[in-house]
Every structure is written in structure tokens, then in C-alpha cells.
>>> print(open('final17.json').read())   # JSON, N, CA and C atoms
[["chain", "number", "residue", "atom", "x", "y", "z"],
["A", 814, "MET", "N", 22.79, 18.55, -17.36],
["A", 814, "MET", "CA", 22.12, 17.28, -17.33],
["A", 814, "MET", "C", 21.69, 16.95, -18.75],
["A", 815, "SER", "N", 22.03, 15.80, -19.22],
["A", 815, "SER", "CA", 21.57, 15.38, -20.53],
["A", 815, "SER", "C", 20.44, 14.40, -20.36],
["A", 816, "PHE", "N", 19.38, 14.60, -21.12],
["A", 816, "PHE", "CA", 18.22, 13.72, -21.00],
["A", 816, "PHE", "C", 18.51, 12.46, -21.78],
["A", 817, "ASP", "N", 18.44, 11.33, -21.11],
["A", 817, "ASP", "CA", 18.74, 10.04, -21.72],
["A", 817, "ASP", "C", 17.46, 9.22, -21.77],
["A", 818, "MET", "N", 16.91, 9.05, -22.97],
["A", 818, "MET", "CA", 15.64, 8.33, -23.12],
["A", 818, "MET", "C", 15.79, 6.84, -22.84],
["A", 819, "SER", "N", 17.01, 6.33, -22.73],
["A", 819, "SER", "CA", 17.19, 4.90, -22.52],
["A", 819, "SER", "C", 16.54, 4.44, -21.22],
["A", 820, "ALA", "N", 16.39, 5.32, -20.25],
["A", 820, "ALA", "CA", 15.76, 4.95, -18.99],
["A", 820, "ALA", "C", 14.28, 4.62, -19.19],
["A", 821, "ARG", "N", 13.67, 5.14, -20.27],
["A", 821, "ARG", "CA", 12.25, 4.89, -20.52],
["A", 821, "ARG", "C", 12.02, 3.77, -21.52],
["A", 822, "LYS", "N", 13.08, 3.22, -22.08],
["A", 822, "LYS", "CA", 12.92, 2.16, -23.07],
["A", 822, "LYS", "C", 12.95, 0.80, -22.38],
["A", 823, "GLY", "N", 12.42, -0.19, -23.05],
["A", 823, "GLY", "CA", 12.45, -1.54, -22.51],
["A", 823, "GLY", "C", 11.47, -1.71, -21.37],
["A", 824, "PRO", "N", 11.83, -2.55, -20.43],
["A", 824, "PRO", "CA", 10.88, -2.90, -19.37],
["A", 824, "PRO", "C", 10.70, -1.82, -18.31],
["A", 825, "LEU", "N", 11.58, -0.83, -18.29],
["A", 825, "LEU", "CA", 11.48, 0.19, -17.24],
["A", 825, "LEU", "C", 10.42, 1.22, -17.60],
["A", 826, "ARG", "N", 9.54, 1.45, -16.68],
["A", 826, "ARG", "CA", 8.52, 2.46, -16.85],
["A", 826, "ARG", "C", 8.12, 2.93, -15.46],
["A", 827, "GLY", "N", 7.61, 4.12, -15.40],
["A", 827, "GLY", "CA", 7.14, 4.65, -14.12],
["A", 827, "GLY", "C", 8.26, 4.87, -13.13],
["A", 828, "ARG", "N", 8.04, 4.43, -11.91],
["A", 828, "ARG", "CA", 9.01, 4.64, -10.83],
["A", 828, "ARG", "C", 10.39, 4.09, -11.19],
["A", 829, "ALA", "N", 10.44, 2.88, -11.73],
["A", 829, "ALA", "CA", 11.73, 2.26, -12.04],
["A", 829, "ALA", "C", 12.50, 3.08, -13.08],
["A", 830, "ALA", "N", 11.79, 3.57, -14.10],
["A", 830, "ALA", "CA", 12.44, 4.37, -15.14],
["A", 830, "ALA", "C", 12.94, 5.69, -14.56],
["A", 831, "TYR", "N", 12.12, 6.34, -13.74],
["A", 831, "TYR", "CA", 12.52, 7.61, -13.14],
["A", 831, "TYR", "C", 13.72, 7.41, -12.22],
["A", 832, "GLU", "N", 13.67, 6.41, -11.38],
["A", 832, "GLU", "CA", 14.78, 6.18, -10.46],
["A", 832, "GLU", "C", 16.07, 5.84, -11.20],
["A", 833, "GLU", "N", 15.97, 5.12, -12.31],
["A", 833, "GLU", "CA", 17.16, 4.84, -13.12],
["A", 833, "GLU", "C", 17.69, 6.13, -13.74],
["A", 834, "ASP", "N", 16.79, 6.99, -14.21],
["A", 834, "ASP", "CA", 17.21, 8.26, -14.79],
["A", 834, "ASP", "C", 17.87, 9.14, -13.74],
["A", 835, "VAL", "N", 17.32, 9.14, -12.52],
["A", 835, "VAL", "CA", 17.93, 9.92, -11.43],
["A", 835, "VAL", "C", 19.30, 9.34, -11.07],
["A", 836, "ARG", "N", 19.44, 8.02, -11.13],
["A", 836, "ARG", "CA", 20.74, 7.41, -10.86],
["A", 836, "ARG", "C", 21.77, 7.88, -11.90],
["A", 837, "LEU", "N", 21.34, 7.99, -13.16],
["A", 837, "LEU", "CA", 22.24, 8.43, -14.23],
["A", 837, "LEU", "C", 22.47, 9.94, -14.19],
["A", 838, "ASN", "N", 21.45, 10.69, -13.78],
["A", 838, "ASN", "CA", 21.52, 12.16, -13.73],
["A", 838, "ASN", "C", 20.95, 12.64, -12.40],
["A", 839, "PRO", "N", 21.73, 12.56, -11.32],
["A", 839, "PRO", "CA", 21.20, 12.86, -9.99],
["A", 839, "PRO", "C", 20.89, 14.32, -9.71],
["A", 840, "THR", "N", 21.43, 15.23, -10.53],
["A", 840, "THR", "CA", 21.19, 16.64, -10.28],
["A", 840, "THR", "C", 20.74, 17.35, -11.56],
["A", 841, "TYR", "N", 20.09, 18.50, -11.36],
["A", 841, "TYR", "CA", 19.74, 19.37, -12.48],
["A", 841, "TYR", "C", 21.00, 20.11, -12.91],
["A", 842, "ASP", "N", 20.92, 20.85, -14.03],
["A", 842, "ASP", "CA", 22.07, 21.59, -14.54],
["A", 842, "ASP", "C", 22.64, 22.57, -13.52],
["A", 843, "ASN", "N", 21.79, 23.08, -12.63],
["A", 843, "ASN", "CA", 22.24, 24.06, -11.64],
["A", 843, "ASN", "C", 22.83, 23.40, -10.39],
["A", 844, "GLY", "N", 22.91, 22.05, -10.40],
["A", 844, "GLY", "CA", 23.50, 21.34, -9.27],
["A", 844, "GLY", "C", 22.50, 20.90, -8.21],
["A", 845, "ALA", "N", 21.26, 21.35, -8.32],
["A", 845, "ALA", "CA", 20.24, 20.97, -7.35],
["A", 845, "ALA", "C", 19.88, 19.50, -7.52],
["A", 846, "PRO", "N", 19.71, 18.77, -6.43],
["A", 846, "PRO", "CA", 19.35, 17.36, -6.54],
["A", 846, "PRO", "C", 17.93, 17.20, -7.08],
["A", 847, "ARG", "N", 17.73, 16.15, -7.85],
["A", 847, "ARG", "CA", 16.40, 15.85, -8.37],
["A", 847, "ARG", "C", 15.57, 15.21, -7.26],
["A", 848, "PRO", "N", 14.28, 15.46, -7.24],
["A", 848, "PRO", "CA", 13.42, 14.90, -6.18],
["A", 848, "PRO", "C", 13.22, 13.41, -6.36],
["A", 849, "GLY", "N", 12.88, 12.75, -5.26],
["A", 849, "GLY", "CA", 12.53, 11.34, -5.32],
["A", 849, "GLY", "C", 11.15, 11.17, -5.92],
["A", 850, "TRP", "N", 10.84, 9.95, -6.31],
["A", 850, "TRP", "CA", 9.56, 9.63, -6.94],
["A", 850, "TRP", "C", 8.38, 10.13, -6.12],
["A", 851, "ASP", "N", 8.41, 9.89, -4.82],
["A", 851, "ASP", "CA", 7.28, 10.27, -3.97],
["A", 851, "ASP", "C", 7.09, 11.78, -3.85],
["A", 852, "GLU", "N", 8.10, 12.54, -4.20],
["A", 852, "GLU", "CA", 8.00, 14.00, -4.16],
["A", 852, "GLU", "C", 7.48, 14.58, -5.47],
["A", 853, "LEU", "N", 7.38, 13.76, -6.52],
["A", 853, "LEU", "CA", 6.93, 14.24, -7.81],
["A", 853, "LEU", "C", 5.42, 14.47, -7.82],
["A", 854, "ASP", "N", 5.01, 15.46, -8.56],
["A", 854, "ASP", "CA", 3.60, 15.73, -8.78],
["A", 854, "ASP", "C", 2.96, 14.54, -9.50],
["A", 855, "GLU", "N", 1.69, 14.34, -9.26],
["A", 855, "GLU", "CA", 0.95, 13.23, -9.86],
["A", 855, "GLU", "C", 1.05, 13.22, -11.39],
["A", 856, "VAL", "N", 1.03, 14.40, -12.01],
["A", 856, "VAL", "CA", 1.11, 14.49, -13.47],
["A", 856, "VAL", "C", 2.48, 14.06, -13.96],
["A", 857, "VAL", "N", 3.51, 14.41, -13.22],
["A", 857, "VAL", "CA", 4.87, 14.00, -13.61],
["A", 857, "VAL", "C", 5.01, 12.48, -13.48],
["A", 858, "GLN", "N", 4.48, 11.91, -12.42],
["A", 858, "GLN", "CA", 4.51, 10.45, -12.28],
["A", 858, "GLN", "C", 3.76, 9.79, -13.43],
["A", 859, "TRP", "N", 2.61, 10.34, -13.81],
["A", 859, "TRP", "CA", 1.86, 9.80, -14.93],
["A", 859, "TRP", "C", 2.69, 9.87, -16.21],
["A", 860, "SER", "N", 3.37, 10.98, -16.41],
["A", 860, "SER", "CA", 4.19, 11.15, -17.62],
["A", 860, "SER", "C", 5.26, 10.08, -17.72],
["A", 861, "TRP", "N", 5.89, 9.75, -16.61],
["A", 861, "TRP", "CA", 6.92, 8.71, -16.60],
["A", 861, "TRP", "C", 6.31, 7.33, -16.76],
["A", 862, "SER", "N", 5.05, 7.17, -16.43],
["A", 862, "SER", "CA", 4.40, 5.87, -16.46],
["A", 862, "SER", "C", 3.74, 5.53, -17.79],
["A", 863, "ARG", "N", 3.53, 6.51, -18.63],
["A", 863, "ARG", "CA", 2.85, 6.23, -19.89],
["A", 863, "ARG", "C", 3.82, 5.70, -20.94],
["A", 864, "PRO", "N", 3.29, 5.00, -21.92],
["A", 864, "PRO", "CA", 4.16, 4.47, -22.99],
["A", 864, "PRO", "C", 4.78, 5.61, -23.79],
["A", 865, "LEU", "N", 5.93, 5.37, -24.37],
["A", 865, "LEU", "CA", 6.56, 6.34, -25.25],
["A", 865, "LEU", "C", 5.71, 6.51, -26.50],
["A", 866, "ARG", "N", 5.85, 7.63, -27.16],
["A", 866, "ARG", "CA", 5.07, 7.91, -28.37],
["A", 866, "ARG", "C", 5.24, 6.80, -29.40],
["A", 867, "GLU", "N", 6.47, 6.34, -29.61],
["A", 867, "GLU", "CA", 6.71, 5.28, -30.60],
["A", 867, "GLU", "C", 5.94, 4.01, -30.24],
["A", 868, "GLU", "N", 5.88, 3.69, -28.96],
["A", 868, "GLU", "CA", 5.15, 2.50, -28.52],
["A", 868, "GLU", "C", 3.65, 2.67, -28.75],
["A", 869, "ARG", "N", 3.13, 3.87, -28.49],
["A", 869, "ARG", "CA", 1.71, 4.12, -28.71],
["A", 869, "ARG", "C", 1.37, 4.03, -30.19],
["A", 870, "LEU", "N", 2.21, 4.60, -31.05],
["A", 870, "LEU", "CA", 1.97, 4.53, -32.49],
["A", 870, "LEU", "C", 2.03, 3.10, -32.99],
["A", 871, "ALA", "N", 2.98, 2.33, -32.50],
["A", 871, "ALA", "CA", 3.09, 0.93, -32.91],
["A", 871, "ALA", "C", 1.85, 0.16, -32.48],
["A", 872, "ALA", "N", 1.37, 0.40, -31.28],
["A", 872, "ALA", "CA", 0.18, -0.29, -30.79],
["A", 872, "ALA", "C", -1.04, 0.09, -31.61],
["A", 873, "GLN", "N", -1.14, 1.35, -32.01],
["A", 873, "GLN", "CA", -2.26, 1.78, -32.84],
["A", 873, "GLN", "C", -2.20, 1.10, -34.20],
["A", 874, "GLY", "N", -0.99, 1.00, -34.77],
["A", 874, "GLY", "CA", -0.82, 0.33, -36.05],
["A", 874, "GLY", "C", -1.18, -1.13, -35.99],
["A", 875, "GLU", "N", -0.80, -1.78, -34.91],
["A", 875, "GLU", "CA", -1.11, -3.21, -34.73],
["A", 875, "GLU", "C", -2.61, -3.41, -34.56],
["A", 876, "ALA", "N", -3.29, -2.42, -34.00],
["A", 876, "ALA", "CA", -4.73, -2.54, -33.79],
["A", 876, "ALA", "C", -5.52, -2.02, -34.99],
["A", 877, "GLY", "N", -4.80, -1.56, -36.02],
["A", 877, "GLY", "CA", -5.46, -1.04, -37.21],
["A", 877, "GLY", "C", -6.06, 0.35, -37.00],
["A", 878, "LEU", "N", -5.50, 1.10, -36.04],
["A", 878, "LEU", "CA", -6.04, 2.43, -35.72],
["A", 878, "LEU", "C", -5.27, 3.57, -36.38],
["A", 879, "SER", "N", -4.21, 3.27, -37.09],
["A", 879, "SER", "CA", -3.41, 4.35, -37.69],
["A", 879, "SER", "C", -4.04, 4.87, -38.92]]
>>> encode(input="final17.json", output="C-alpha cells")
Amino acid sequence: MSFDMSARKGPLRGRAAYEEDVRLNPTYDNGAPRPGWDELDEVVQWSWSRPLREERLAAQGEAGLS
């Protein structure tokens, strides 16, 4: 499975980004299917829902926080 960050870029975030990533990579390297969004731990869902590091840094720069 290759991790493709494109699923987290643009308007997709959270459930939509995860489901798009699962559509692109439906299984792990060992062939096991990836779980659906509702089966993910709360922390994993949060991770998919937060802005990317680049977006957070840009927002800090725009707010004069860098």
C-alpha cells in the first residue's frame, strides 16, 4: 500500500478524505481490508480530520504567529 497524501489535500478532510484513501488503497500491504470510518478509533478519526501541517503553518503565518 502506498500512502497517497492527495486524499488529504483540497476540500477533502475527515471521513471524505479517509473514504477516498480507502477507495484508492482498499487493503493493507498484507492484503487485509482497511476498516470503514465508523470502525476507526476516535484518535484516528481526529487525525484524518485535522488540517495538514503545511496548512497549519500557513494559517499561523497569516495570523502573525510564526
>>> atom_distance(input="final17.json", atom1="CA of Ser860 (chain A)", atom2="CA of Ala829 (chain A)")
12.9 Å
>>> atom_distance(input="final17.json", atom1="atom C of Leu837 (chain A)", atom2="atom C of Leu865 (chain A)")
21.1 Å
>>> residues_around(input="final17.json", residues="Pro848 (chain A)", least_positions_apart="6", cutoff="12 Å", atoms="only C-alpha atoms", output="ChimeraX atom specification")
/A:831-832,834-836,838-841,854,857-858
>>> write_last_selection(input="final17.json", atoms="N, CA and C atoms", output="compact mmCIF listing (two decimals), in the frame of the given file")
# COMPACT_ATOMS: atom_id res chain seq x y z
N TYR A 831 12.12 6.34 -13.74
CA TYR A 831 12.52 7.61 -13.14
C TYR A 831 13.72 7.41 -12.22
N GLU A 832 13.67 6.41 -11.38
CA GLU A 832 14.78 6.18 -10.46
C GLU A 832 16.07 5.84 -11.20
N ASP A 834 16.79 6.99 -14.21
CA ASP A 834 17.21 8.26 -14.79
C ASP A 834 17.87 9.14 -13.74
N VAL A 835 17.32 9.14 -12.52
CA VAL A 835 17.93 9.92 -11.43
C VAL A 835 19.30 9.34 -11.07
N ARG A 836 19.44 8.02 -11.13
CA ARG A 836 20.74 7.41 -10.86
C ARG A 836 21.77 7.88 -11.90
N ASN A 838 21.45 10.69 -13.78
CA ASN A 838 21.52 12.16 -13.73
C ASN A 838 20.95 12.64 -12.40
N PRO A 839 21.73 12.56 -11.32
CA PRO A 839 21.20 12.86 -9.99
C PRO A 839 20.89 14.32 -9.71
N THR A 840 21.43 15.23 -10.53
CA THR A 840 21.19 16.64 -10.28
C THR A 840 20.74 17.35 -11.56
N TYR A 841 20.09 18.50 -11.36
CA TYR A 841 19.74 19.37 -12.48
C TYR A 841 21.00 20.11 -12.91
N ASP A 854 5.01 15.46 -8.56
CA ASP A 854 3.60 15.73 -8.78
C ASP A 854 2.96 14.54 -9.50
N VAL A 857 3.51 14.41 -13.22
CA VAL A 857 4.87 14.00 -13.61
C VAL A 857 5.01 12.48 -13.48
N GLN A 858 4.48 11.91 -12.42
CA GLN A 858 4.51 10.45 -12.28
C GLN A 858 3.76 9.79 -13.43
>>> atom_distance(input="final17.json", atom1="atom N of Trp859 (chain A)", atom2="CA of Gly827 (chain A)")
7.3 Å
